>>> print(open('query.txt').read())   # compact mmCIF, C-alpha atoms
# COMPACT_ATOMS: atom_id res chain seq x y z
CA MET G 137 37.94 -26.73 -15.03
CA GLY G 138 34.18 -27.10 -14.78
CA MET G 139 33.74 -23.36 -15.21
CA LEU G 140 35.90 -23.36 -18.33
CA ALA G 141 33.83 -26.21 -19.74
CA ARG G 142 30.61 -24.29 -19.07
CA ILE G 143 32.04 -21.18 -20.73
CA GLY G 144 33.01 -23.22 -23.79
CA LEU G 145 29.58 -24.83 -23.95
CA ALA G 146 27.94 -21.43 -23.55
CA LEU G 147 29.91 -20.04 -26.49
CA ILE G 148 28.83 -23.04 -28.58
CA ALA G 149 25.18 -22.56 -27.55
CA VAL G 150 25.34 -18.90 -28.60
CA GLN G 151 26.97 -19.74 -31.92
CA ARG G 152 24.35 -22.41 -32.65
CA GLY G 153 21.43 -20.34 -31.39
CA ASP G 154 20.51 -23.16 -28.98
CA ALA G 155 18.07 -21.43 -26.62
CA GLN G 156 17.56 -24.47 -24.39
CA ALA G 157 21.27 -24.99 -23.75
CA ALA G 158 21.78 -21.22 -23.44
CA GLY G 159 19.13 -21.02 -20.72
CA ALA G 160 20.68 -23.82 -18.68
CA LEU G 161 24.17 -22.38 -19.05
CA TYR G 162 22.95 -18.89 -18.20
CA ALA G 163 21.69 -20.23 -14.86
CA ALA G 164 25.00 -21.98 -14.22
CA LEU G 165 27.14 -18.94 -15.10
CA GLU G 166 24.99 -16.12 -13.66
CA PRO G 167 26.71 -16.28 -10.23
CA GLN G 168 29.93 -15.21 -12.00
CA ARG G 169 28.55 -11.74 -12.86
CA GLY G 170 31.09 -8.95 -12.56
CA THR G 171 34.10 -11.16 -13.25
CA ALA G 172 36.35 -12.00 -16.15
CA CYS G 173 37.86 -15.32 -17.11
CA ALA G 174 41.66 -15.40 -17.06
CA PHE G 175 42.00 -18.40 -19.39
CA ILE G 176 39.47 -17.22 -21.94
CA PRO G 177 39.92 -13.44 -21.95
CA MET G 178 36.26 -12.54 -21.72
CA ALA G 179 34.04 -10.64 -19.32
CA LEU G 180 31.47 -13.07 -17.99
CA ASP G 181 28.82 -10.38 -18.25
CA ARG G 182 29.39 -10.23 -22.01
CA LEU G 183 28.86 -13.98 -22.21
CA LEU G 184 25.74 -13.67 -20.02
CA GLY G 185 24.51 -10.94 -22.38
CA LEU G 186 25.03 -13.19 -25.39
CA LEU G 187 23.22 -16.03 -23.62
CA ALA G 188 20.34 -13.69 -22.73
CA VAL G 189 20.07 -12.67 -26.39
CA THR G 190 20.03 -16.34 -27.40
CA VAL G 191 17.11 -17.10 -25.06
CA GLY G 192 15.21 -14.01 -26.23
CA ARG G 193 15.72 -11.70 -23.25
CA PRO G 194 17.17 -8.51 -24.77
CA ASP G 195 16.42 -6.32 -21.75
CA THR G 196 18.43 -8.68 -19.55
CA ALA G 197 21.17 -8.65 -22.19
CA VAL G 198 21.36 -4.85 -22.02
CA ALA G 199 22.07 -4.99 -18.29
CA HIS G 200 24.81 -7.58 -18.80
CA PHE G 201 26.44 -5.70 -21.67
CA GLU G 202 26.40 -2.47 -19.63
CA ASP G 203 27.96 -4.33 -16.69
CA ALA G 204 30.62 -5.84 -18.96
CA LEU G 205 31.51 -2.42 -20.35
CA ALA G 206 31.81 -1.06 -16.81
CA VAL G 207 34.01 -3.95 -15.61
CA CYS G 208 36.25 -3.75 -18.67
CA GLY G 209 36.49 0.02 -18.43
CA ARG G 210 37.54 -0.07 -14.77
CA ALA G 211 40.08 -2.83 -15.40
CA GLY G 212 41.46 -1.32 -18.61
CA TYR G 213 40.51 -4.36 -20.72
CA ARG G 214 40.26 -2.38 -23.94
CA PRO G 215 40.09 -5.34 -26.35
CA GLU G 216 37.28 -7.00 -24.39
CA CYS G 217 35.50 -3.67 -24.06
CA ALA G 218 35.59 -3.28 -27.84
CA TRP G 219 34.25 -6.79 -28.48
CA THR G 220 31.52 -6.20 -25.91
CA ALA G 221 30.53 -2.94 -27.59
CA CYS G 222 30.22 -4.71 -30.93
CA ASP G 223 28.09 -7.56 -29.50
CA TYR G 224 25.93 -5.04 -27.66
CA ALA G 225 25.46 -3.03 -30.87
CA ASP G 226 24.41 -6.22 -32.71
CA MET G 227 21.73 -6.85 -30.11
CA LEU G 228 20.48 -3.27 -30.26
CA LEU G 229 20.29 -3.29 -34.04
CA GLU G 230 18.31 -6.51 -33.94
CA ARG G 231 15.98 -5.26 -31.20
CA ALA G 232 15.40 -1.97 -33.06
CA GLY G 233 13.74 -0.19 -30.15
CA ALA G 234 13.55 3.56 -29.55
CA GLY G 235 17.08 4.94 -29.41
CA ASP G 236 18.68 1.57 -30.16
CA ARG G 237 20.10 2.58 -33.54
CA ARG G 238 21.75 5.73 -32.13
CA LYS G 239 23.26 3.80 -29.21
CA ALA G 240 24.44 1.02 -31.56
CA VAL G 241 26.22 3.52 -33.82
CA ALA G 242 27.99 5.05 -30.80
CA LEU G 243 29.04 1.59 -29.58
CA LEU G 244 30.33 0.65 -33.02
CA ASP G 245 32.30 3.90 -33.21
CA ASP G 246 33.88 3.17 -29.81
CA ALA G 247 34.69 -0.41 -30.84
CA LEU G 248 36.25 0.76 -34.10
CA THR G 249 38.43 3.32 -32.33
CA VAL G 250 39.85 0.67 -30.00
CA ALA G 251 40.20 -1.87 -32.81
CA ARG G 252 42.19 0.62 -34.89
CA ASP G 253 44.33 1.69 -31.93
CA LEU G 254 45.21 -1.91 -31.10
CA GLY G 255 45.37 -3.33 -34.63
CA MET G 256 42.45 -5.72 -34.09
CA ARG G 257 41.78 -6.47 -37.77
CA PRO G 258 38.98 -9.07 -37.30
CA LEU G 259 37.06 -6.66 -35.08
CA MET G 260 37.68 -3.75 -37.46
CA GLU G 261 36.20 -5.79 -40.32
CA ARG G 262 33.22 -6.86 -38.23
CA VAL G 263 32.49 -3.31 -37.06
CA LEU G 264 32.84 -1.82 -40.53
CA ALA G 265 30.39 -4.40 -41.89
CA ARG G 266 27.89 -3.50 -39.17
CA ARG G 267 28.30 0.25 -39.57
CA GLU G 268 26.74 -0.08 -43.01
CA ILE G 269 23.54 -1.44 -41.44
CA PRO G 270 22.51 1.82 -39.69
CA LYS G 271 23.05 3.80 -42.89
CA ALA G 272 20.57 1.65 -44.84
>>> encode(input="query.txt", output="structure tokens")
Amino acid sequence: MGMLARIGLALIAVQRGDAQAAGALYAALEPQRGTACAFIPMALDRLLGLLAVTVGRPDTAVAHFEDALAVCGRAGYRPECAWTACDYADMLLERAGAGDRRKAVALLDDALTVARDLGMRPLMERVLARREIPKA
């Protein structure tokens, strides 16, 4: 139950942009790398990536998002893989480093394919809104 509480608090910290709370929760959740939560269908590496973004560590976030994509791919967690791709693309678009835009577009395309295949309307809308950003 403590882990579920930390996951919930971590999601709140990300949503609020609370870097201090995100840092503390990152440290508490980091030992769970490479796993997924059964009660909250989410790869812990995706959450760690979001926490890393919140504390201003985009390079660390990249590693977590890549790990989350790998875990989800191996396990066949297509919905979580698609959400991870979208979050990863958001981070890349914000970071705007060399090659980030190209990678973000590819991630958004992958997320949209899965979202369409599985009828994930909220994700489809989110991805379509973000796909306009690279065209600007």
>>> atom_distance(input="query.txt", atom1="CA of Leu228 in chain G", atom2="CA of Leu161 in chain G")
22.5 Å
>>> atom_distance(input="query.txt", atom1="CA of Arg257 in chain G", atom2="CA of Pro215 in chain G")
11.6 Å
>>> residues_around(input="query.txt", residues="Ala174 in chain G", least_positions_apart="2", cutoff="12 Å", atoms="all atoms listed in the file", output="list in words")
Met139, Leu140, Ile143, Thr171, Ala172, Ile176, Pro177, Met178, Ala179, Leu180, Tyr213 and Glu216 of chain G
>>> closest_residue(input="query.txt", among="G:Asp236, G:Asp246, G:Glu166, G:Asp203", to="Ala221 in chain G", atoms="all atoms listed in the file")
G:Asp246
>>> closest_residue(input="query.txt", among="G:Ala218, G:Leu205, G:Arg210, G:Ala188", to="Leu254 in chain G", atoms="all atoms listed in the file")
G:Ala218
>>> atom_distance(input="query.txt", atom1="CA of Met260 in chain G", atom2="CA of Glu202 in chain G")
21.1 Å
>>> residues_around(input="query.txt", residues="Arg142 in chain G", least_positions_apart="2", cutoff="10 Å", atoms="only C-alpha atoms", output="MDAnalysis selection string")
chainID G and resid 137:140 144:148 160:162 164:165
>>> residues_around(input="query.txt", residues="Val198 in chain G", least_positions_apart="2", cutoff="10 Å", atoms="only C-alpha atoms", output="compact mmCIF listing (two decimals) with C-alpha atoms, keeping the file's coordinate frame")
# COMPACT_ATOMS: atom_id res chain seq x y z
CA ARG G 182 29.39 -10.23 -22.01
CA GLY G 185 24.51 -10.94 -22.38
CA LEU G 186 25.03 -13.19 -25.39
CA ALA G 188 20.34 -13.69 -22.73
CA VAL G 189 20.07 -12.67 -26.39
CA ARG G 193 15.72 -11.70 -23.25
CA PRO G 194 17.17 -8.51 -24.77
CA ASP G 195 16.42 -6.32 -21.75
CA THR G 196 18.43 -8.68 -19.55
CA HIS G 200 24.81 -7.58 -18.80
CA PHE G 201 26.44 -5.70 -21.67
CA GLU G 202 26.40 -2.47 -19.63
CA ASP G 203 27.96 -4.33 -16.69
CA ALA G 204 30.62 -5.84 -18.96
CA TYR G 224 25.93 -5.04 -27.66
CA ALA G 225 25.46 -3.03 -30.87
CA MET G 227 21.73 -6.85 -30.11
CA LEU G 228 20.48 -3.27 -30.26
>>> closest_residue(input="query.txt", among="G:Leu229, G:Thr190, G:Leu183, G:Gly170", to="Gln156 in chain G", atoms="all atoms listed in the file")
G:Thr190
>>> residues_around(input="query.txt", residues="Arg262 in chain G", least_positions_apart="6", cutoff="12 Å", atoms="all atoms listed in the file", output="MDAnalysis selection string")
chainID G and resid 218:219 221:223 225:226 244:245 247:248 251 256 268:269
>>> build_atoms(input="query.txt", residues="range 236-268 of chain G", atoms="N, CA and C atoms", output="compact mmCIF listing (two decimals), in the frame of the given file")
# COMPACT_ATOMS: atom_id res chain seq x y z
N ASP G 236 17.72 2.66 -30.01
CA ASP G 236 18.68 1.57 -30.16
C ASP G 236 19.68 1.82 -31.28
N ARG G 237 19.21 2.35 -32.40
CA ARG G 237 20.10 2.58 -33.54
C ARG G 237 21.18 3.60 -33.18
N ARG G 238 20.79 4.68 -32.53
CA ARG G 238 21.75 5.73 -32.13
C ARG G 238 22.80 5.16 -31.18
N LYS G 239 22.34 4.41 -30.19
CA LYS G 239 23.26 3.80 -29.21
C LYS G 239 24.18 2.80 -29.91
N ALA G 240 23.63 2.01 -30.85
CA ALA G 240 24.44 1.02 -31.56
C ALA G 240 25.54 1.70 -32.37
N VAL G 241 25.22 2.80 -33.03
CA VAL G 241 26.22 3.52 -33.82
C VAL G 241 27.34 4.04 -32.91
N ALA G 242 26.97 4.56 -31.75
CA ALA G 242 27.99 5.05 -30.80
C ALA G 242 28.87 3.90 -30.32
N LEU G 243 28.27 2.76 -30.02
CA LEU G 243 29.04 1.59 -29.58
C LEU G 243 29.98 1.11 -30.69
N LEU G 244 29.48 1.07 -31.91
CA LEU G 244 30.33 0.65 -33.02
C LEU G 244 31.48 1.63 -33.25
N ASP G 245 31.23 2.91 -33.09
CA ASP G 245 32.30 3.90 -33.21
C ASP G 245 33.36 3.68 -32.14
N ASP G 246 32.93 3.43 -30.90
CA ASP G 246 33.88 3.17 -29.81
C ASP G 246 34.69 1.91 -30.10
N ALA G 247 34.01 0.85 -30.55
CA ALA G 247 34.69 -0.41 -30.84
C ALA G 247 35.71 -0.22 -31.95
N LEU G 248 35.34 0.55 -32.98
CA LEU G 248 36.25 0.76 -34.10
C LEU G 248 37.48 1.56 -33.67
N THR G 249 37.30 2.54 -32.82
CA THR G 249 38.43 3.32 -32.33
C THR G 249 39.44 2.43 -31.63
N VAL G 250 38.96 1.58 -30.73
CA VAL G 250 39.85 0.67 -30.00
C VAL G 250 40.48 -0.33 -30.96
N ALA G 251 39.67 -0.88 -31.86
CA ALA G 251 40.20 -1.87 -32.81
C ALA G 251 41.31 -1.27 -33.67
N ARG G 252 41.13 -0.04 -34.10
CA ARG G 252 42.19 0.62 -34.89
C ARG G 252 43.42 0.89 -34.05
N ASP G 253 43.21 1.39 -32.82
CA ASP G 253 44.33 1.69 -31.93
C ASP G 253 45.18 0.45 -31.64
N LEU G 254 44.51 -0.69 -31.50
CA LEU G 254 45.21 -1.91 -31.10
C LEU G 254 45.49 -2.86 -32.26
N GLY G 255 45.11 -2.48 -33.47
CA GLY G 255 45.37 -3.33 -34.63
C GLY G 255 44.56 -4.62 -34.62
N MET G 256 43.32 -4.54 -34.17
CA MET G 256 42.45 -5.72 -34.09
C MET G 256 41.67 -5.87 -35.41
N ARG G 257 42.35 -6.41 -36.42
CA ARG G 257 41.78 -6.47 -37.77
C ARG G 257 40.45 -7.22 -37.83
N PRO G 258 40.29 -8.39 -37.21
CA PRO G 258 38.98 -9.07 -37.30
C PRO G 258 37.84 -8.22 -36.74
N LEU G 259 38.11 -7.52 -35.64
CA LEU G 259 37.06 -6.66 -35.08
C LEU G 259 36.81 -5.46 -35.98
N MET G 260 37.87 -4.88 -36.54
CA MET G 260 37.68 -3.75 -37.46
C MET G 260 36.77 -4.16 -38.62
N GLU G 261 37.02 -5.32 -39.19
CA GLU G 261 36.20 -5.79 -40.32
C GLU G 261 34.75 -6.01 -39.89
N ARG G 262 34.58 -6.60 -38.73
CA ARG G 262 33.22 -6.86 -38.23
C ARG G 262 32.47 -5.55 -37.99
N VAL G 263 33.13 -4.59 -37.35
CA VAL G 263 32.49 -3.31 -37.06
C VAL G 263 32.17 -2.56 -38.35
N LEU G 264 33.09 -2.53 -39.28
CA LEU G 264 32.84 -1.82 -40.53
C LEU G 264 31.67 -2.44 -41.29
N ALA G 265 31.53 -3.74 -41.24
CA ALA G 265 30.39 -4.40 -41.89
C ALA G 265 29.08 -3.99 -41.22
N ARG G 266 29.10 -3.86 -39.90
CA ARG G 266 27.89 -3.50 -39.17
C ARG G 266 27.57 -2.01 -39.28
N ARG G 267 28.56 -1.20 -39.46
CA ARG G 267 28.30 0.25 -39.57
C ARG G 267 27.52 0.58 -40.83
N GLU G 268 27.54 -0.29 -41.80
CA GLU G 268 26.74 -0.08 -43.01
C GLU G 268 25.27 -0.30 -42.73
